[in-house]
Amino acid sequence: MKYRSFGDRMLMLFIYTFLILLGFTTFYPFWNALVISFNQGLDTALGGVTFWPRVWTLENYAIVFQDSRILNGFYISIMRTVIGTVLSVLLTALLAFAMSKSELIGRKFYMVFFIVTMYFSGGLIPTFMVVRSLGLMDNFWVFIIPSLISVWNMIIFRTFFKGLPDGLMESAQIDGCGQFRTFFQIVLPLSGPVIATLSLFTAIGHWNEWFLPSIYINNENLLPIQSMLQQILNSNIMTEQMSQLDSAAQSRMSQMREVTSKSLSMATMMVATLPIIMVYPFVQKYFVKGVLVGSLKE
């Protein structure tokens, strides 16, 4: 074992202590919300519920899953995340593949044009007018179309594509492959790490986004789960929360006095958060290569 001086050991102790405290402060709010979601609401109101439920109950989740509005919002979020992620990653990768071609006429102009949009936008009101003129108000596709292309993801894809061997593309052309066939049968299969990483980032953006529906959606049936959660968290009075539930849930809540708005909001938060967290273990191994590829200098 390599000898370490007293100063080195103290430094390592400080680093590990700092990382443990940092991890605790990051993880504890989520754990406390999980604990409250499994604790009886009236008991939670007494305070002191920190690391473990004091009075176990599943009634908070029973109310959540009996509310048709929340279940519908969950369905809208799933559809939005799946469709939006697939289309956004595919179209962004197609654009990046074209921009990686040195023979593309006007390639530098296009890159400058795209990069400018990363720093300057039309603003909320012009964007709202464009969305309204396209007929996307109260339309599911308002979640998908405005965010189809990500310039940042395009730059990462482009950097990755430019790192592929030129001989691979030339061999495909000699074998009679066109650009689309080369992209779908050769380039995409080799792009697993970057696709997995950017797909996760895109999916998280779709799943967690709640501001867009508050502007463009008035139809309650099109609100995603995050918008439902935002409404619940903004409701501080139990009667207001009960008025948002369907008749079956209201009847059940009237029989379960231990359910409060705080315990209900924590349960809803867990339902809205856990699905996207469960995706991380499946793509974690791609993070290092997928994230760092965009930082390589051309």
# chains A, B, ... in the order shown; residues from 1 in each chain; ligands from 1
>>> closest_atom_pairs(of="segment 84-168 of chain A", to="segment 178-200 of chain A", cutoff="12 Å", atoms="only C-alpha atoms", output="CSV")
residue,atom,partner,partner_atom,distance
A:Gly84,CA,A:Ser199,CA,9.8
A:Thr85,CA,A:Ser199,CA,6.1
A:Val86,CA,A:Ser199,CA,7.7
A:Leu87,CA,A:Ser199,CA,10.2
A:Ser88,CA,A:Ser199,CA,8.6
A:Val89,CA,A:Ser199,CA,6.4
A:Leu90,CA,A:Ile195,CA,9.1
A:Leu91,CA,A:Phe183,CA,11.7
A:Thr92,CA,A:Leu198,CA,10.2
A:Ala93,CA,A:Leu188,CA,8.6
A:Leu94,CA,A:Phe183,CA,7.8
A:Leu95,CA,A:Phe183,CA,11.0
A:Ala96,CA,A:Phe183,CA,10.7
A:Phe97,CA,A:Phe183,CA,7.5
A:Ala98,CA,A:Gln179,CA,9.0
A:Ser100,CA,A:Phe183,CA,11.8
A:Lys101,CA,A:Gln179,CA,10.6
A:Ser150,CA,A:Leu198,CA,10.1
A:Val151,CA,A:Leu198,CA,11.9
A:Trp152,CA,A:Leu198,CA,10.0
A:Asn153,CA,A:Leu198,CA,6.8
A:Met154,CA,A:Leu198,CA,9.8
A:Ile155,CA,A:Leu198,CA,11.4
A:Ile156,CA,A:Val194,CA,8.0
A:Phe157,CA,A:Val194,CA,7.2
A:Arg158,CA,A:Val194,CA,10.6
A:Thr159,CA,A:Val194,CA,10.4
A:Phe160,CA,A:Val194,CA,7.8
A:Phe161,CA,A:Val187,CA,7.6
A:Lys162,CA,A:Val187,CA,10.8
A:Gly163,CA,A:Ser191,CA,10.9
A:Leu164,CA,A:Val187,CA,8.4
A:Pro165,CA,A:Val187,CA,10.6
A:Asp166,CA,A:Val187,CA,11.6
A:Leu168,CA,A:Ile186,CA,8.4
>>> write_last_selection(atoms="N, CA and C atoms", output="short mmCIF file (atom, residue, chain, number, x, y, z; two decimals), in the first residue's frame")
data_model
loop_
_atom_site.label_atom_id
_atom_site.label_comp_id
_atom_site.auth_asym_id
_atom_site.auth_seq_id
_atom_site.Cartn_x
_atom_site.Cartn_y
_atom_site.Cartn_z
N GLY A 84 -42.23 12.51 -28.82
CA GLY A 84 -41.34 13.66 -28.92
C GLY A 84 -39.87 13.26 -28.95
N THR A 85 -39.49 12.29 -28.13
CA THR A 85 -38.10 11.87 -28.08
C THR A 85 -37.68 11.18 -29.38
N VAL A 86 -38.50 10.26 -29.86
CA VAL A 86 -38.17 9.53 -31.09
C VAL A 86 -38.04 10.49 -32.27
N LEU A 87 -39.03 11.35 -32.46
CA LEU A 87 -38.99 12.26 -33.61
C LEU A 87 -37.87 13.29 -33.48
N SER A 88 -37.66 13.82 -32.28
CA SER A 88 -36.64 14.85 -32.10
C SER A 88 -35.25 14.29 -32.33
N VAL A 89 -34.96 13.13 -31.75
CA VAL A 89 -33.63 12.53 -31.92
C VAL A 89 -33.40 12.14 -33.38
N LEU A 90 -34.42 11.57 -34.02
CA LEU A 90 -34.27 11.14 -35.41
C LEU A 90 -34.03 12.32 -36.34
N LEU A 91 -34.86 13.36 -36.24
CA LEU A 91 -34.71 14.50 -37.14
C LEU A 91 -33.45 15.30 -36.83
N THR A 92 -33.10 15.42 -35.56
CA THR A 92 -31.86 16.12 -35.21
C THR A 92 -30.65 15.37 -35.73
N ALA A 93 -30.67 14.04 -35.65
CA ALA A 93 -29.57 13.24 -36.17
C ALA A 93 -29.48 13.36 -37.69
N LEU A 94 -30.63 13.40 -38.37
CA LEU A 94 -30.62 13.58 -39.82
C LEU A 94 -29.99 14.92 -40.20
N LEU A 95 -30.37 15.96 -39.49
CA LEU A 95 -29.80 17.28 -39.76
C LEU A 95 -28.30 17.28 -39.49
N ALA A 96 -27.89 16.66 -38.40
CA ALA A 96 -26.47 16.62 -38.06
C ALA A 96 -25.68 15.83 -39.09
N PHE A 97 -26.26 14.77 -39.61
CA PHE A 97 -25.58 13.96 -40.63
C PHE A 97 -25.33 14.79 -41.89
N ALA A 98 -26.33 15.59 -42.27
CA ALA A 98 -26.15 16.47 -43.43
C ALA A 98 -25.10 17.54 -43.15
N SER A 100 -22.59 17.32 -41.25
CA SER A 100 -21.24 16.75 -41.13
C SER A 100 -20.57 16.53 -42.48
N LYS A 101 -21.32 16.72 -43.56
CA LYS A 101 -20.77 16.52 -44.90
C LYS A 101 -20.03 17.77 -45.36
N SER A 150 -33.14 20.23 -31.87
CA SER A 150 -32.30 20.82 -30.83
C SER A 150 -30.93 21.12 -31.43
N VAL A 151 -30.56 22.38 -31.48
CA VAL A 151 -29.29 22.77 -32.08
C VAL A 151 -28.11 22.21 -31.29
N TRP A 152 -28.22 22.23 -29.98
CA TRP A 152 -27.15 21.70 -29.14
C TRP A 152 -26.94 20.21 -29.41
N ASN A 153 -28.04 19.45 -29.46
CA ASN A 153 -27.94 18.02 -29.76
C ASN A 153 -27.41 17.80 -31.18
N MET A 154 -27.79 18.69 -32.10
CA MET A 154 -27.30 18.58 -33.47
C MET A 154 -25.78 18.73 -33.51
N ILE A 155 -25.24 19.66 -32.73
CA ILE A 155 -23.79 19.86 -32.70
C ILE A 155 -23.09 18.62 -32.14
N ILE A 156 -23.66 18.02 -31.12
CA ILE A 156 -23.07 16.80 -30.55
C ILE A 156 -23.12 15.67 -31.56
N PHE A 157 -24.27 15.50 -32.20
CA PHE A 157 -24.38 14.47 -33.24
C PHE A 157 -23.38 14.72 -34.36
N ARG A 158 -23.28 15.96 -34.79
CA ARG A 158 -22.39 16.31 -35.90
C ARG A 158 -20.94 15.99 -35.56
N THR A 159 -20.53 16.32 -34.34
CA THR A 159 -19.17 16.02 -33.92
C THR A 159 -18.90 14.51 -33.93
N PHE A 160 -19.90 13.75 -33.48
CA PHE A 160 -19.75 12.30 -33.48
C PHE A 160 -19.66 11.75 -34.90
N PHE A 161 -20.53 12.24 -35.78
CA PHE A 161 -20.53 11.75 -37.16
C PHE A 161 -19.23 12.09 -37.89
N LYS A 162 -18.67 13.27 -37.59
CA LYS A 162 -17.43 13.66 -38.25
C LYS A 162 -16.25 12.80 -37.78
N GLY A 163 -16.42 12.15 -36.62
CA GLY A 163 -15.37 11.28 -36.12
C GLY A 163 -15.41 9.88 -36.70
N LEU A 164 -16.45 9.56 -37.45
CA LEU A 164 -16.53 8.24 -38.08
C LEU A 164 -15.54 8.16 -39.24
N PRO A 165 -14.97 6.99 -39.50
CA PRO A 165 -13.97 6.87 -40.58
C PRO A 165 -14.56 7.23 -41.94
N ASP A 166 -13.82 8.02 -42.72
CA ASP A 166 -14.28 8.37 -44.06
C ASP A 166 -14.37 7.14 -44.96
N LEU A 168 -15.46 4.33 -44.21
CA LEU A 168 -16.73 3.64 -43.99
C LEU A 168 -17.80 4.19 -44.92
#
>>> residues_around(residues="segment 274-284 of chain A", least_positions_apart="5", cutoff="12 Å", atoms="only C-alpha atoms", output="ChimeraX atom specification")
/A:30-31,33-34,74,77-78,81-82,192-208,225,266-269,289-291
>>> residues_around(residues="Phe140 of chain A", least_positions_apart="4", cutoff="9 Å", atoms="only C-alpha atoms", output="JSON, numbers by chain")
{"A": [76, 80, 136, 144, 217, 222]}
>>> residues_around(residues="Leu212 of chain A", least_positions_apart="6", cutoff="12 Å", atoms="only C-alpha atoms", output="ChimeraX atom specification")
/A:124,127-128,131,136-144,146-147,205-206,218,222-224,226-227
>>> write_last_selection(atoms="C-alpha atoms", output="mmCIF file, in the first residue's frame")
data_model
loop_
_atom_site.group_PDB
_atom_site.id
_atom_site.type_symbol
_atom_site.label_atom_id
_atom_site.label_comp_id
_atom_site.auth_asym_id
_atom_site.auth_seq_id
_atom_site.Cartn_x
_atom_site.Cartn_y
_atom_site.Cartn_z
ATOM 1 C CA LEU A 124 -42.738 34.369 -25.920
ATOM 2 C CA THR A 127 -43.747 32.256 -30.529
ATOM 3 C CA PHE A 128 -47.301 32.228 -29.220
ATOM 4 C CA VAL A 131 -48.137 28.498 -32.656
ATOM 5 C CA LEU A 136 -51.575 24.114 -32.554
ATOM 6 C CA MET A 137 -53.519 25.682 -29.712
ATOM 7 C CA ASP A 138 -55.215 22.969 -27.632
ATOM 8 C CA ASN A 139 -53.506 20.419 -29.852
ATOM 9 C CA PHE A 140 -51.354 17.496 -28.708
ATOM 10 C CA TRP A 141 -48.771 18.277 -31.400
ATOM 11 C CA VAL A 142 -47.893 21.561 -29.718
ATOM 12 C CA PHE A 143 -45.809 19.408 -27.360
ATOM 13 C CA ILE A 144 -43.904 17.853 -30.267
ATOM 14 C CA PRO A 146 -41.885 23.297 -31.622
ATOM 15 C CA SER A 147 -39.114 21.178 -30.071
ATOM 16 C CA GLY A 205 -37.051 17.586 -20.989
ATOM 17 C CA HIS A 206 -40.384 16.379 -22.344
ATOM 18 C CA ASN A 218 -56.861 25.039 -22.191
ATOM 19 C CA LEU A 222 -54.497 17.422 -22.787
ATOM 20 C CA LEU A 223 -52.670 18.459 -19.626
ATOM 21 C CA PRO A 224 -49.613 16.261 -18.833
ATOM 22 C CA GLN A 226 -46.398 17.669 -14.566
ATOM 23 C CA SER A 227 -49.072 20.298 -15.134
#
>>> select_by_dssp(residues="segment 29-133 of chain A", states="helix (DSSP H, G or I)", output="short mmCIF file (atom, residue, chain, number, x, y, z; two decimals) with C-alpha atoms, in the first residue's frame")
data_model
loop_
_atom_site.label_atom_id
_atom_site.label_comp_id
_atom_site.auth_asym_id
_atom_site.auth_seq_id
_atom_site.Cartn_x
_atom_site.Cartn_y
_atom_site.Cartn_z
CA PRO A 29 -35.57 16.07 -0.17
CA PHE A 30 -36.57 13.26 -2.52
CA TRP A 31 -36.46 10.69 0.29
CA ASN A 32 -38.51 12.91 2.59
CA ALA A 33 -41.14 13.37 -0.11
CA LEU A 34 -41.27 9.59 -0.55
CA VAL A 35 -41.65 9.10 3.21
CA ILE A 36 -44.49 11.64 3.42
CA SER A 37 -46.27 9.98 0.50
CA GLY A 41 -51.67 12.79 6.09
CA LEU A 42 -53.02 13.95 9.46
CA ASP A 43 -49.98 12.45 11.20
CA THR A 44 -47.69 14.28 8.75
CA ALA A 45 -49.42 17.55 9.68
CA GLU A 59 -54.35 5.70 0.81
CA ASN A 60 -52.45 8.63 -0.72
CA TYR A 61 -51.61 6.52 -3.76
CA ALA A 62 -55.10 5.03 -3.82
CA ILE A 63 -56.54 8.53 -4.21
CA VAL A 64 -53.99 9.42 -6.89
CA PHE A 65 -54.69 6.35 -9.02
CA GLN A 66 -58.46 6.79 -8.66
CA SER A 68 -59.05 10.05 -13.76
CA ARG A 69 -57.45 13.45 -14.42
CA ILE A 70 -54.10 12.35 -13.04
CA LEU A 71 -54.22 9.05 -14.93
CA ASN A 72 -55.05 10.92 -18.14
CA GLY A 73 -52.18 13.34 -17.48
CA PHE A 74 -49.88 10.36 -16.98
CA TYR A 75 -50.96 8.97 -20.34
CA ILE A 76 -50.42 12.33 -22.08
CA SER A 77 -46.93 12.59 -20.56
CA ILE A 78 -45.99 9.10 -21.71
CA MET A 79 -47.22 9.71 -25.25
CA ARG A 80 -45.55 13.10 -25.41
CA THR A 81 -42.24 11.77 -24.11
CA VAL A 82 -42.12 8.73 -26.39
CA ILE A 83 -43.25 10.45 -29.60
CA GLY A 84 -41.34 13.66 -28.92
CA THR A 85 -38.10 11.87 -28.08
CA VAL A 86 -38.17 9.53 -31.09
CA LEU A 87 -38.99 12.26 -33.61
CA SER A 88 -36.64 14.85 -32.10
CA VAL A 89 -33.63 12.53 -31.92
CA LEU A 90 -34.27 11.14 -35.41
CA LEU A 91 -34.71 14.50 -37.14
CA THR A 92 -31.86 16.12 -35.21
CA ALA A 93 -29.57 13.24 -36.17
CA LEU A 94 -30.62 13.58 -39.82
CA LEU A 95 -29.80 17.28 -39.76
CA ALA A 96 -26.47 16.62 -38.06
CA PHE A 97 -25.58 13.96 -40.63
CA ALA A 98 -26.15 16.47 -43.43
CA MET A 99 -24.16 19.15 -41.60
CA ARG A 107 -22.53 24.47 -44.66
CA LYS A 108 -20.80 27.25 -42.73
CA PHE A 109 -23.69 29.64 -43.30
CA TYR A 110 -26.17 27.05 -42.04
CA MET A 111 -24.08 26.42 -38.92
CA VAL A 112 -23.93 30.13 -38.11
CA PHE A 113 -27.67 30.38 -38.71
CA PHE A 114 -28.39 27.48 -36.34
CA ILE A 115 -26.00 28.67 -33.64
CA VAL A 116 -27.57 32.14 -33.62
CA THR A 117 -30.90 30.53 -32.66
CA MET A 118 -29.24 29.11 -29.55
CA TYR A 119 -28.61 32.59 -28.19
CA LEU A 124 -42.74 34.37 -25.92
CA ILE A 125 -45.31 36.55 -27.69
CA PRO A 126 -44.04 35.97 -31.28
CA THR A 127 -43.75 32.26 -30.53
CA PHE A 128 -47.30 32.23 -29.22
CA MET A 129 -48.53 33.96 -32.40
CA VAL A 130 -46.71 31.44 -34.60
CA VAL A 131 -48.14 28.50 -32.66
CA ARG A 132 -51.63 29.96 -32.87
CA SER A 133 -51.31 30.62 -36.60
#
>>> atom_distance(atom1="atom CA of Thr50 of chain A", atom2="atom CA of Gln231 of chain A")
24.8 Å
